[in-house]
$ cat data_15.cif   # mmCIF, C-alpha atoms and all ligand atoms
data_my_file
loop_
_atom_site.label_atom_id
_atom_site.label_comp_id
_atom_site.auth_asym_id
_atom_site.auth_seq_id
_atom_site.Cartn_x
_atom_site.Cartn_y
_atom_site.Cartn_z
CA MET A 1 -1.35 -4.31 -25.69
CA LYS A 2 -0.49 -7.34 -27.82
CA ILE A 3 0.04 -10.79 -26.33
CA ARG A 4 2.25 -13.17 -28.30
CA PRO A 5 0.64 -16.52 -29.34
CA GLU A 6 2.98 -18.57 -27.10
CA HIS A 7 1.78 -16.56 -24.08
CA GLN A 8 -1.98 -16.80 -24.72
CA ASP A 9 -2.41 -19.78 -22.38
CA ILE A 10 -0.72 -18.11 -19.41
CA ALA A 11 -2.55 -14.85 -20.13
CA GLN A 12 -5.92 -16.62 -20.06
CA PHE A 13 -4.99 -18.59 -16.98
CA ILE A 14 -4.02 -15.58 -14.87
CA GLN A 15 -7.05 -13.66 -16.15
CA ALA A 16 -9.35 -16.41 -14.86
CA PHE A 17 -7.33 -16.57 -11.64
CA ARG A 18 -7.74 -12.80 -11.13
CA LEU A 19 -11.52 -13.07 -11.40
CA GLU A 20 -11.52 -15.99 -8.95
CA LEU A 21 -9.55 -13.96 -6.40
CA HIS A 22 -11.93 -11.07 -6.99
CA ARG A 23 -14.95 -13.28 -6.23
CA PHE A 24 -13.48 -14.44 -2.93
CA PRO A 25 -11.74 -11.46 -1.31
CA GLU A 26 -10.40 -11.77 2.24
CA LEU A 27 -9.48 -9.15 4.83
CA SER A 28 -5.94 -8.45 6.03
CA ASN A 29 -4.39 -11.33 7.97
CA HIS A 30 -7.35 -13.57 7.03
CA GLU A 31 -6.24 -14.44 3.49
CA PHE A 32 -6.39 -18.20 4.11
CA GLU A 33 -8.26 -19.25 0.96
CA THR A 34 -6.33 -16.77 -1.15
CA THR A 35 -3.06 -18.23 0.11
CA ALA A 36 -4.32 -21.76 -0.60
CA ARG A 37 -5.36 -20.82 -4.15
CA ILE A 38 -1.95 -19.32 -4.92
CA LYS A 39 -0.17 -22.29 -3.35
CA ALA A 40 -2.20 -24.72 -5.49
CA VAL A 41 -1.06 -22.97 -8.68
CA LEU A 42 2.58 -22.84 -7.56
CA ASP A 43 2.40 -26.57 -6.80
CA GLN A 44 0.79 -27.24 -10.16
CA TYR A 45 3.73 -25.53 -11.89
CA GLN A 46 6.26 -27.17 -9.54
CA ILE A 47 7.45 -23.79 -8.28
CA ARG A 48 9.31 -23.93 -4.93
CA ILE A 49 7.62 -22.37 -1.93
CA VAL A 50 9.93 -21.01 0.75
CA ASP A 51 9.20 -22.53 4.15
CA LEU A 52 8.37 -19.54 6.38
CA PRO A 53 6.36 -19.09 9.59
CA LEU A 54 3.64 -16.96 7.98
CA LYS A 55 -0.04 -17.20 8.98
CA THR A 56 -1.17 -16.01 5.55
CA GLY A 57 0.65 -15.04 2.37
CA LEU A 58 3.58 -16.95 0.90
CA VAL A 59 6.88 -16.65 -0.92
CA ALA A 60 7.82 -18.51 -4.12
CA GLU A 61 11.41 -19.00 -5.25
CA LEU A 62 12.87 -19.56 -8.70
CA GLY A 63 16.39 -20.13 -9.96
CA ASP A 64 19.46 -21.42 -8.18
CA ALA A 65 18.59 -21.77 -4.49
CA ASN A 66 22.26 -21.33 -3.52
CA SER A 67 22.98 -18.23 -5.58
CA PRO A 68 24.10 -15.13 -3.64
CA HIS A 69 22.21 -12.93 -6.11
CA LEU A 70 18.63 -12.43 -4.94
CA VAL A 71 16.02 -10.23 -6.62
CA VAL A 72 12.57 -9.84 -5.04
CA LEU A 73 9.23 -9.18 -6.74
CA ARG A 74 6.49 -8.12 -4.36
CA SER A 75 2.72 -8.39 -4.69
CA ASP A 76 0.00 -8.10 -2.04
CA ILE A 77 -3.14 -10.19 -1.60
CA ASP A 78 -5.55 -8.65 0.94
CA ALA A 79 -8.90 -6.94 0.36
CA LEU A 80 -10.88 -4.18 2.09
CA PRO A 81 -14.00 -4.02 4.31
CA ILE A 82 -16.13 -2.44 1.54
CA GLU A 83 -19.47 -3.59 0.09
CA GLU A 84 -18.79 -3.92 -3.63
CA GLN A 85 -20.86 -1.78 -6.03
CA SER A 86 -18.82 -2.27 -9.20
CA GLY A 87 -21.57 -4.03 -11.17
CA VAL A 88 -19.13 -6.60 -12.60
CA ASP A 89 -20.39 -10.15 -13.20
CA TYR A 90 -17.57 -11.57 -11.05
CA VAL A 91 -18.69 -9.48 -8.04
CA SER A 92 -17.46 -10.36 -4.54
CA GLN A 93 -19.21 -13.37 -2.97
CA ASN A 94 -17.95 -12.39 0.48
CA ALA A 95 -20.39 -9.85 1.90
CA GLY A 96 -18.80 -6.58 2.98
CA VAL A 97 -15.37 -7.48 1.59
CA MET A 98 -14.00 -6.28 -1.73
CA HIS A 99 -10.79 -6.19 -3.74
CA ALA A 100 -11.13 -2.41 -4.06
CA CYS A 101 -7.38 -1.76 -4.21
CA GLY A 102 -6.68 -4.25 -7.02
CA HIS A 103 -4.52 -6.60 -4.95
CA ASP A 104 -6.23 -9.44 -6.89
CA PHE A 105 -4.59 -7.92 -9.97
CA HIS A 106 -1.19 -7.63 -8.28
CA ALA A 107 -1.21 -11.22 -6.99
CA SER A 108 -2.31 -12.60 -10.38
CA ALA A 109 0.37 -10.61 -12.21
CA ALA A 110 3.03 -11.84 -9.77
CA LEU A 111 1.78 -15.41 -10.24
CA GLY A 112 2.08 -14.95 -14.02
CA ALA A 113 5.63 -13.66 -13.55
CA ALA A 114 6.49 -16.73 -11.46
CA ILE A 115 5.11 -19.04 -14.18
CA LEU A 116 7.08 -17.21 -16.89
CA LEU A 117 10.25 -17.39 -14.76
CA LYS A 118 9.67 -21.12 -14.19
CA LYS A 119 9.89 -21.69 -17.95
CA ILE A 120 13.43 -20.22 -18.01
CA GLU A 121 14.44 -21.25 -14.49
CA HIS A 122 17.60 -23.16 -15.51
CA THR A 123 18.94 -20.06 -17.31
CA LEU A 124 18.42 -17.60 -14.44
CA PRO A 125 21.74 -16.15 -13.23
CA GLY A 126 20.61 -16.13 -9.59
CA ARG A 127 17.48 -16.37 -7.45
CA VAL A 128 14.11 -14.63 -7.63
CA ARG A 129 11.72 -14.59 -4.71
CA VAL A 130 8.13 -13.66 -5.52
CA LEU A 131 6.19 -12.33 -2.53
CA PHE A 132 2.44 -12.78 -2.14
CA GLN A 133 2.25 -10.50 0.87
CA ALA A 134 -0.64 -10.45 3.32
CA ALA A 135 -2.06 -7.49 5.27
CA GLU A 136 -0.85 -4.53 3.21
CA GLU A 137 -3.96 -2.48 3.93
CA ILE A 138 -3.22 -2.45 7.65
CA PHE A 139 0.53 -2.02 7.07
CA GLU A 140 1.40 -5.24 8.92
CA GLY A 141 2.33 -7.61 6.10
CA ALA A 142 5.68 -6.17 5.07
CA PRO A 143 7.09 -6.01 8.65
CA ALA A 144 5.90 -9.61 9.21
CA LEU A 145 7.66 -10.82 6.07
CA LEU A 146 10.85 -8.92 6.90
CA ALA A 147 10.82 -10.49 10.38
CA THR A 148 11.07 -13.98 8.84
CA GLY A 149 14.51 -13.13 7.44
CA ALA A 150 13.41 -14.31 3.97
CA LEU A 151 14.74 -11.12 2.40
CA ASP A 152 17.98 -10.76 4.34
CA ASP A 153 20.14 -11.46 1.27
CA ALA A 154 18.05 -9.45 -1.20
CA ALA A 155 19.92 -7.02 -3.44
CA VAL A 156 16.83 -5.22 -4.72
CA ILE A 157 13.04 -5.37 -4.43
CA PHE A 158 10.46 -4.32 -7.03
CA GLY A 159 6.81 -3.68 -6.19
CA ILE A 160 3.83 -2.71 -8.31
CA HIS A 161 0.50 -1.03 -7.72
CA ASN A 162 -2.23 -0.52 -10.25
CA ASP A 163 -3.11 3.14 -10.80
CA PRO A 164 -6.52 4.04 -12.23
CA THR A 165 -5.33 7.59 -12.92
CA LEU A 166 -2.94 6.25 -15.59
CA PRO A 167 -4.22 4.72 -18.86
CA VAL A 168 -3.65 1.05 -19.72
CA GLY A 169 -0.33 0.67 -21.51
CA VAL A 170 1.45 3.21 -19.34
CA LEU A 171 3.51 2.64 -16.22
CA GLY A 172 5.11 5.29 -14.08
CA SER A 173 7.33 6.02 -11.16
CA LYS A 174 9.88 8.50 -9.91
CA ALA A 175 13.12 8.63 -7.96
CA GLY A 176 12.78 9.58 -4.30
CA ALA A 177 9.48 9.86 -2.42
CA LEU A 178 6.58 8.29 -4.33
CA THR A 179 3.94 7.69 -1.64
CA ALA A 180 3.35 9.42 1.66
CA GLY A 181 4.30 8.56 5.20
CA VAL A 182 0.98 7.79 6.90
CA ASP A 183 0.42 8.62 10.56
CA ARG A 184 -2.81 8.59 12.48
CA PHE A 185 -3.56 10.60 15.58
CA ASP A 186 -6.33 11.15 18.06
CA ILE A 187 -6.75 13.95 20.54
CA THR A 188 -8.74 13.92 23.77
CA ILE A 189 -9.74 17.21 25.39
CA SER A 190 -10.70 16.88 29.06
CA GLY A 191 -12.22 19.92 30.75
CA THR A 192 -15.14 20.84 32.95
CA GLY A 193 -18.70 20.67 31.71
CA SER A 194 -21.56 22.85 32.84
CA HIS A 195 -25.17 23.87 32.29
CA ALA A 196 -25.51 25.24 28.75
CA ALA A 197 -26.77 28.52 30.27
CA ARG A 198 -23.76 28.85 32.63
CA PRO A 199 -20.61 28.28 30.49
CA HIS A 200 -18.57 30.38 32.98
CA ASP A 201 -18.88 27.46 35.46
CA GLY A 202 -16.71 25.27 33.22
CA ASN A 203 -14.25 25.58 30.33
CA ASP A 204 -16.29 24.24 27.41
CA PRO A 205 -14.34 21.53 25.56
CA VAL A 206 -16.46 22.23 22.44
CA ILE A 207 -14.88 25.69 22.13
CA ILE A 208 -11.43 24.16 22.75
CA LEU A 209 -12.15 21.60 20.03
CA GLY A 210 -12.78 24.45 17.58
CA GLN A 211 -9.46 26.06 18.54
CA VAL A 212 -7.64 22.77 17.99
CA ILE A 213 -9.16 22.24 14.52
CA GLY A 214 -8.08 25.71 13.38
CA ALA A 215 -4.62 25.45 14.94
CA VAL A 216 -3.89 22.13 13.25
CA GLN A 217 -4.32 23.67 9.78
CA THR A 218 -2.27 26.76 10.76
CA LEU A 219 0.50 24.38 11.75
CA LEU A 220 0.74 23.27 8.11
CA SER A 221 0.53 26.71 6.53
CA ARG A 222 2.95 28.35 8.98
CA ASN A 223 5.42 25.59 9.93
CA VAL A 224 5.88 23.31 6.94
CA PRO A 225 8.00 24.80 4.11
CA SER A 226 5.92 25.26 0.96
CA ASP A 227 8.13 22.86 -1.04
CA HIS A 228 7.55 20.07 1.51
CA ASN A 229 4.10 18.74 0.75
CA ALA A 230 2.07 17.58 3.72
CA VAL A 231 -1.58 16.94 4.47
CA VAL A 232 -3.33 16.97 7.84
CA SER A 233 -6.97 15.93 7.79
CA ILE A 234 -9.30 15.72 10.76
CA THR A 235 -11.81 13.03 9.95
CA GLN A 236 -13.87 12.48 13.12
CA VAL A 237 -14.97 14.79 15.94
CA HIS A 238 -17.17 13.81 18.83
CA SER A 239 -18.44 15.77 21.80
CA GLY A 240 -21.60 16.17 23.80
CA SER A 241 -24.85 14.23 23.98
CA THR A 242 -27.67 16.76 24.27
CA TRP A 243 -28.67 20.39 23.60
CA ASN A 244 -28.58 21.95 27.05
CA VAL A 245 -25.44 20.53 28.63
CA ILE A 246 -21.89 21.61 27.87
CA PRO A 247 -19.90 18.35 27.87
CA ASP A 248 -16.69 17.80 29.81
CA LYS A 249 -14.87 16.01 26.97
CA ALA A 250 -14.20 16.26 23.26
CA TRP A 251 -12.40 13.85 20.98
CA LEU A 252 -11.10 14.06 17.45
CA GLU A 253 -9.17 11.85 15.09
CA GLY A 254 -7.25 12.38 11.88
CA THR A 255 -4.28 11.55 9.70
CA VAL A 256 -1.02 13.18 8.65
CA ARG A 257 0.58 12.49 5.25
CA THR A 258 4.16 13.58 4.65
CA PHE A 259 6.90 12.91 2.12
CA ASN A 260 9.98 13.16 4.27
CA GLN A 261 11.00 12.23 7.79
CA ASP A 262 11.91 15.80 8.85
CA THR A 263 8.43 17.11 8.03
CA ARG A 264 6.88 14.12 9.73
CA GLU A 265 8.78 14.76 12.97
CA LEU A 266 8.20 18.51 12.74
CA ILE A 267 4.41 18.07 12.52
CA GLU A 268 4.26 15.71 15.48
CA ARG A 269 6.49 17.98 17.61
CA ARG A 270 4.59 21.19 16.75
CA LEU A 271 1.23 19.47 17.24
CA ARG A 272 2.25 18.50 20.77
CA GLN A 273 3.43 22.07 21.53
CA ILE A 274 0.26 23.67 20.14
CA LEU A 275 -2.01 21.31 22.07
CA GLN A 276 -0.06 22.02 25.25
CA GLY A 277 -0.46 25.79 24.63
CA ILE A 278 -4.22 25.57 23.95
CA GLY A 279 -4.66 23.33 27.00
CA ASP A 280 -2.81 25.86 29.20
CA ALA A 281 -4.79 28.78 27.79
CA PHE A 282 -8.15 27.11 28.50
CA GLU A 283 -7.10 25.29 31.68
CA ALA A 284 -7.95 21.91 30.13
CA THR A 285 -5.97 18.72 29.65
CA ILE A 286 -5.33 17.79 26.04
CA THR A 287 -3.66 14.47 25.22
CA LEU A 288 -2.32 13.40 21.84
CA ASN A 289 -2.13 9.75 20.82
CA TRP A 290 0.18 9.43 17.79
CA LEU A 291 0.03 6.13 15.86
CA ALA A 292 2.92 5.94 13.42
CA GLY A 293 2.26 4.11 10.15
CA PRO A 294 4.62 3.33 7.27
CA PRO A 295 7.06 5.96 6.11
CA SER A 296 7.12 7.27 2.56
CA VAL A 297 8.02 4.87 -0.28
CA VAL A 298 11.39 6.27 -1.34
CA ASN A 299 12.60 4.87 -4.65
CA ASP A 300 16.26 4.19 -5.27
CA ALA A 301 17.24 6.50 -8.16
CA GLU A 302 19.36 3.92 -10.02
CA TRP A 303 16.92 1.02 -9.71
CA VAL A 304 13.82 3.06 -10.56
CA GLU A 305 15.54 4.35 -13.72
CA PHE A 306 16.46 0.75 -14.53
CA ALA A 307 12.86 -0.38 -13.94
CA LEU A 308 11.45 2.33 -16.22
CA GLU A 309 13.98 1.41 -18.92
CA GLN A 310 12.57 -2.15 -19.04
CA ALA A 311 9.01 -0.91 -19.73
CA PRO A 312 9.09 -0.94 -23.57
CA SER A 313 10.24 -4.58 -23.68
CA ALA A 314 6.86 -5.55 -22.16
CA GLY A 315 4.93 -3.12 -24.34
CA PHE A 316 4.57 -0.31 -21.79
CA GLU A 317 5.25 3.37 -22.20
CA ALA A 318 7.16 4.67 -19.15
CA LEU A 319 6.34 7.99 -17.49
CA THR A 320 7.69 9.98 -14.58
CA VAL A 321 4.75 10.53 -12.22
CA GLN A 322 4.01 12.85 -9.31
CA ALA A 323 4.21 11.65 -5.71
CA SER A 324 0.85 10.59 -4.29
CA PRO A 325 -0.38 10.98 -0.67
CA ILE A 326 -1.51 7.34 -0.40
CA GLY A 327 0.25 5.00 2.06
CA GLU A 328 2.06 1.76 1.14
CA ASP A 329 3.83 -0.68 3.44
CA PHE A 330 6.35 -1.40 0.64
CA ALA A 331 8.21 1.47 2.35
CA PHE A 332 9.28 -0.92 5.13
CA TYR A 333 11.21 -3.08 2.65
CA GLN A 334 13.06 -0.03 1.38
CA GLN A 335 14.34 0.68 4.88
CA GLN A 336 16.35 -2.54 4.58
CA MET A 337 17.18 -2.86 0.88
CA ARG A 338 17.20 -0.86 -2.32
CA GLY A 339 13.95 -0.88 -4.20
CA ALA A 340 11.62 0.63 -6.76
CA PHE A 341 7.84 0.85 -6.68
CA ILE A 342 6.08 1.14 -10.02
CA MET A 343 2.54 2.33 -10.78
CA ILE A 344 0.80 0.36 -13.55
CA GLY A 345 -1.96 2.12 -15.51
CA SER A 346 -5.28 0.37 -14.85
CA GLY A 347 -7.41 3.07 -16.44
CA GLY A 348 -10.69 2.96 -14.51
CA PRO A 349 -13.05 5.83 -13.70
CA TYR A 350 -13.05 5.13 -9.95
CA SER A 351 -10.28 5.67 -7.43
CA LEU A 352 -8.60 2.99 -5.33
CA HIS A 353 -10.78 2.01 -2.32
CA HIS A 354 -13.98 3.16 -4.08
CA PRO A 355 -16.90 0.65 -3.93
CA ALA A 356 -17.22 0.84 -7.72
CA PHE A 357 -13.46 0.46 -8.34
CA ARG A 358 -12.38 -1.91 -11.09
CA VAL A 359 -9.14 -2.63 -12.94
CA ASP A 360 -8.74 -3.04 -16.68
CA ASP A 361 -7.44 -6.56 -17.26
CA ARG A 362 -5.77 -5.65 -20.56
CA ALA A 363 -2.85 -4.58 -18.35
CA LEU A 364 -2.68 -7.92 -16.50
CA PHE A 365 -0.54 -10.16 -18.68
CA PRO A 366 1.75 -7.28 -19.74
CA THR A 367 2.36 -6.62 -16.02
CA ALA A 368 3.28 -10.28 -15.45
CA ASP A 369 5.58 -10.13 -18.48
CA TYR A 370 7.11 -6.87 -17.24
CA LEU A 371 7.80 -8.25 -13.74
CA HIS A 372 9.48 -11.37 -15.11
CA ARG A 373 11.67 -9.31 -17.47
CA LEU A 374 12.53 -6.95 -14.63
CA ALA A 375 13.72 -9.88 -12.50
CA VAL A 376 15.83 -11.39 -15.30
CA LYS A 377 17.43 -8.06 -16.24
CA ALA A 378 18.09 -7.18 -12.59
CA LEU A 379 19.87 -10.51 -12.05
CA GLU A 380 21.97 -9.85 -15.15
CA LYS A 381 22.83 -6.38 -13.81
CA LEU A 382 23.94 -7.88 -10.47
CA GLN A 383 26.51 -10.24 -12.02
ZN ZN B 401 -5.31 -0.01 -0.57
ZN ZN B 402 -3.13 -1.34 -2.48
#

$ encode --input "data_15.cif" --output "structure tokens"
Amino acid sequence: MKIRPEHQDIAQFIQAFRLELHRFPELSNHEFETTARIKAVLDQYQIRIVDLPLKTGLVAELGDANSPHLVVLRSDIDALPIEEQSGVDYVSQNAGVMHACGHDFHASAALGAAILLKKIEHTLPGRVRVLFQAAEEIFEGAPALLATGALDDAAVIFGIHNDPTLPVGVLGSKAGALTAGVDRFDITISGTGSHAARPHDGNDPVIILGQVIGAVQTLLSRNVPSDHNAVVSITQVHSGSTWNVIPDKAWLEGTVRTFNQDTRELIERRLRQILQGIGDAFEATITLNWLAGPPSVVNDAEWVEFALEQAPSAGFEALTVQASPIGEDFAFYQQQMRGAFIMIGSGGPYSLHHPAFRVDDRALFPTADYLHRLAVKALEKLQ
């Protein structure tokens, strides 16, 4: 992807900034240094920072502060509790913390977009707010930002995520559901334990656990219509402490990924019914703890088409992509305003959240350029 001579300085600057963020990753809601680093650059370029009661993360504003037309660009800034094994020479200096989801890339691209917008600020037909959002990985940052009211007047929001499954030079999205609704659940089975040789004295929660595991998968294959994708994974099971005692409790935990609200509600409702039935059959008490996460990212058809149309102007080829069962708290913004979430090809061999994950920086400046063009064109469309 070519970078024009007049943009070489900004491209090099955000490249160096990306590596600096990568060296000093911070966990969700603890992005203090990251916030300070971004703020220092915004100050250096005399870019306004919106005064908001945020612990970490920040919002920059460009254009006419009094304009009714507001377009929002969103990036995220937090890292993950992973020990980095990428082998890069700018490896994380913060033990056990790593930018394994590429939020260093997103924040640097958004910063580049803000700098590019600053250069044409007096010509902008409205306002652009650029979000450097904290705590995406724990799905708390977007609700916290919405609660400040900073986006109350927004007409449209655009978000990006790097995607190692797409090559550099390609970006992709789709209308409708793009990411999954993410819910977490845990189940406690309380029964009566016994001597391992006398199971008839109790009701063996280990056997009940086995019934629950099987029933959960049947729920998907026999309740969810085949054209409504959903995933239920059980990821932890615990019971017992020795070989000759049948325990009185069993516990399991897992996650549900869905692409529409009906399926999401159906799975929770049927899970409760099935657990009640198994509990009755085995004379045990089974309790379900359901922890709702973000819903599915659902792209506005008109704005996602618009966003894909702008791709060639920044040197990208645009693709329509499949929905992916990852979670993204960008979904919370879309409950309050129209929006489009775009996947940017970052072409690495390792998946997001992998300890060896890395992004290809050839996509960095083009992403900044793309975001700034998207904001300008969206403001023009809103006139
Ligand atoms: Zn992530
Ligand atoms: Zn992410």

$ residues_near_point --input "data_15.cif" --point "(-12.4, -5.4, 7.6)" --cutoff "10 Å" --atoms "all atoms listed in the file" --output "list of chain:residue names"
A:Glu26, A:Leu27, A:Ser28, A:Asn29, A:His30, A:Ala79, A:Leu80, A:Pro81, A:Ile82, A:Gly96, A:Val97, A:Met98, A:Glu137, A:Ile138

$ residues_near_ligand --input "data_15.cif" --ligand "ligand ZN 401 (chain B)" --cutoff "9 Å" --atoms "all atoms listed in the file" --output "PyMOL selection string"
chain A and resi 78-80+99-103+136-138+326-328+352-353

$ write_last_selection --input "data_15.cif" --atoms "C-alpha atoms" --output "mmCIF file, in the coordinates of the input"
data_model
loop_
_atom_site.group_PDB
_atom_site.id
_atom_site.type_symbol
_atom_site.label_atom_id
_atom_site.label_comp_id
_atom_site.auth_asym_id
_atom_site.auth_seq_id
_atom_site.Cartn_x
_atom_site.Cartn_y
_atom_site.Cartn_z
ATOM 1 C CA ASP A 78 -5.550 -8.650 0.940
ATOM 2 C CA ALA A 79 -8.900 -6.940 0.360
ATOM 3 C CA LEU A 80 -10.880 -4.180 2.090
ATOM 4 C CA HIS A 99 -10.790 -6.190 -3.740
ATOM 5 C CA ALA A 100 -11.130 -2.410 -4.060
ATOM 6 C CA CYS A 101 -7.380 -1.760 -4.210
ATOM 7 C CA GLY A 102 -6.680 -4.250 -7.020
ATOM 8 C CA HIS A 103 -4.520 -6.600 -4.950
ATOM 9 C CA GLU A 136 -0.850 -4.530 3.210
ATOM 10 C CA GLU A 137 -3.960 -2.480 3.930
ATOM 11 C CA ILE A 138 -3.220 -2.450 7.650
ATOM 12 C CA ILE A 326 -1.510 7.340 -0.400
ATOM 13 C CA GLY A 327 0.250 5.000 2.060
ATOM 14 C CA GLU A 328 2.060 1.760 1.140
ATOM 15 C CA LEU A 352 -8.600 2.990 -5.330
ATOM 16 C CA HIS A 353 -10.780 2.010 -2.320
#

$ residues_near_point --input "data_15.cif" --point "(-22.5, 17.3, 25.8)" --cutoff "12 Å" --atoms "all atoms listed in the file" --output "VMD selection string"
chain A and resid 191 to 196 204 to 207 238 to 251

$ residues_around --input "data_15.cif" --residues "region 104-114 of chain A" --least-positions-apart "4" --cutoff "7 Å" --atoms "all atoms listed in the file" --output "ChimeraX atom specification"
/A:10,14,17-18,21-22,75-77,99,118,130,132,161,364-365,367-369,371-372

$ closest_residue --input "data_15.cif" --among "A:Ser351, A:Asn229, A:Gln322, A:Gln236" --to "Arg264 (chain A)" --atoms "all atoms listed in the file"
A:Asn229

$ closest_residue --input "data_15.cif" --among "A:Arg269, A:His228, A:Arg74, A:Lys174" --to "ligand ZN 402 (chain B)" --atoms "all atoms listed in the file"
A:Arg74

$ atom_distance --input "data_15.cif" --atom1 "CA of Ile286 (chain A)" --atom2 "CA of Ile274 (chain A)"
10.0 Å

$ atom_distance --input "data_15.cif" --atom1 "CA of Arg184 (chain A)" --atom2 "CA of Gly210 (chain A)"
19.4 Å

$ residues_around --input "data_15.cif" --residues "Leu58 (chain A)" --least-positions-apart "4" --cutoff "8 Å" --atoms "only C-alpha atoms" --output "list in words"
Thr35, Lys39, Ile49, Val50, Leu52, Leu54, Leu131, Phe132 and Gln133 of chain A

$ atom_distance --input "data_15.cif" --atom1 "CA of Ile160 (chain A)" --atom2 "CA of Phe185 (chain A)"
28.3 Å

$ build_atoms --input "data_15.cif" --residues "region 170-176 of chain A" --atoms "all heavy atoms" --output "mmCIF file, in the coordinates of the input"
data_model
loop_
_atom_site.group_PDB
_atom_site.id
_atom_site.type_symbol
_atom_site.label_atom_id
_atom_site.label_comp_id
_atom_site.auth_asym_id
_atom_site.auth_seq_id
_atom_site.Cartn_x
_atom_site.Cartn_y
_atom_site.Cartn_z
ATOM 1 N N VAL A 170 0.473 2.281 -19.901
ATOM 2 C CA VAL A 170 1.450 3.210 -19.340
ATOM 3 C C VAL A 170 1.841 2.712 -17.952
ATOM 4 O O VAL A 170 1.004 2.188 -17.215
ATOM 5 C CB VAL A 170 0.827 4.628 -19.239
ATOM 6 C CG1 VAL A 170 1.651 5.543 -18.360
ATOM 7 C CG2 VAL A 170 0.659 5.226 -20.626
ATOM 8 N N LEU A 171 3.112 2.836 -17.614
ATOM 9 C CA LEU A 171 3.510 2.640 -16.220
ATOM 10 C C LEU A 171 4.370 3.821 -15.814
ATOM 11 O O LEU A 171 4.964 4.494 -16.673
ATOM 12 C CB LEU A 171 4.198 1.290 -16.003
ATOM 13 C CG LEU A 171 5.472 0.921 -16.756
ATOM 14 C CD1 LEU A 171 6.681 1.630 -16.187
ATOM 15 C CD2 LEU A 171 5.682 -0.587 -16.682
ATOM 16 N N GLY A 172 4.404 4.088 -14.509
ATOM 17 C CA GLY A 172 5.110 5.290 -14.080
ATOM 18 C C GLY A 172 5.705 5.149 -12.707
ATOM 19 O O GLY A 172 5.256 4.337 -11.881
ATOM 20 N N SER A 173 6.739 5.944 -12.486
ATOM 21 C CA SER A 173 7.330 6.020 -11.160
ATOM 22 C C SER A 173 8.206 7.258 -11.101
ATOM 23 O O SER A 173 8.182 8.078 -12.026
ATOM 24 C CB SER A 173 8.135 4.755 -10.848
ATOM 25 O OG SER A 173 8.463 4.708 -9.474
ATOM 26 N N LYS A 174 8.943 7.397 -10.037
ATOM 27 C CA LYS A 174 9.880 8.500 -9.910
ATOM 28 C C LYS A 174 10.939 8.144 -8.889
ATOM 29 O O LYS A 174 10.689 7.303 -7.998
ATOM 30 C CB LYS A 174 9.165 9.793 -9.505
ATOM 31 C CG LYS A 174 8.614 9.764 -8.085
ATOM 32 C CD LYS A 174 7.832 11.038 -7.744
ATOM 33 C CE LYS A 174 8.707 12.211 -7.382
ATOM 34 N NZ LYS A 174 9.363 12.111 -6.064
ATOM 35 N N ALA A 175 12.088 8.785 -8.993
ATOM 36 C CA ALA A 175 13.120 8.630 -7.960
ATOM 37 C C ALA A 175 12.678 9.374 -6.709
ATOM 38 O O ALA A 175 11.912 10.329 -6.782
ATOM 39 C CB ALA A 175 14.441 9.182 -8.476
ATOM 40 N N GLY A 176 13.119 8.900 -5.552
ATOM 41 C CA GLY A 176 12.780 9.580 -4.300
ATOM 42 C C GLY A 176 11.385 9.228 -3.820
ATOM 43 O O GLY A 176 10.850 8.156 -4.145
#
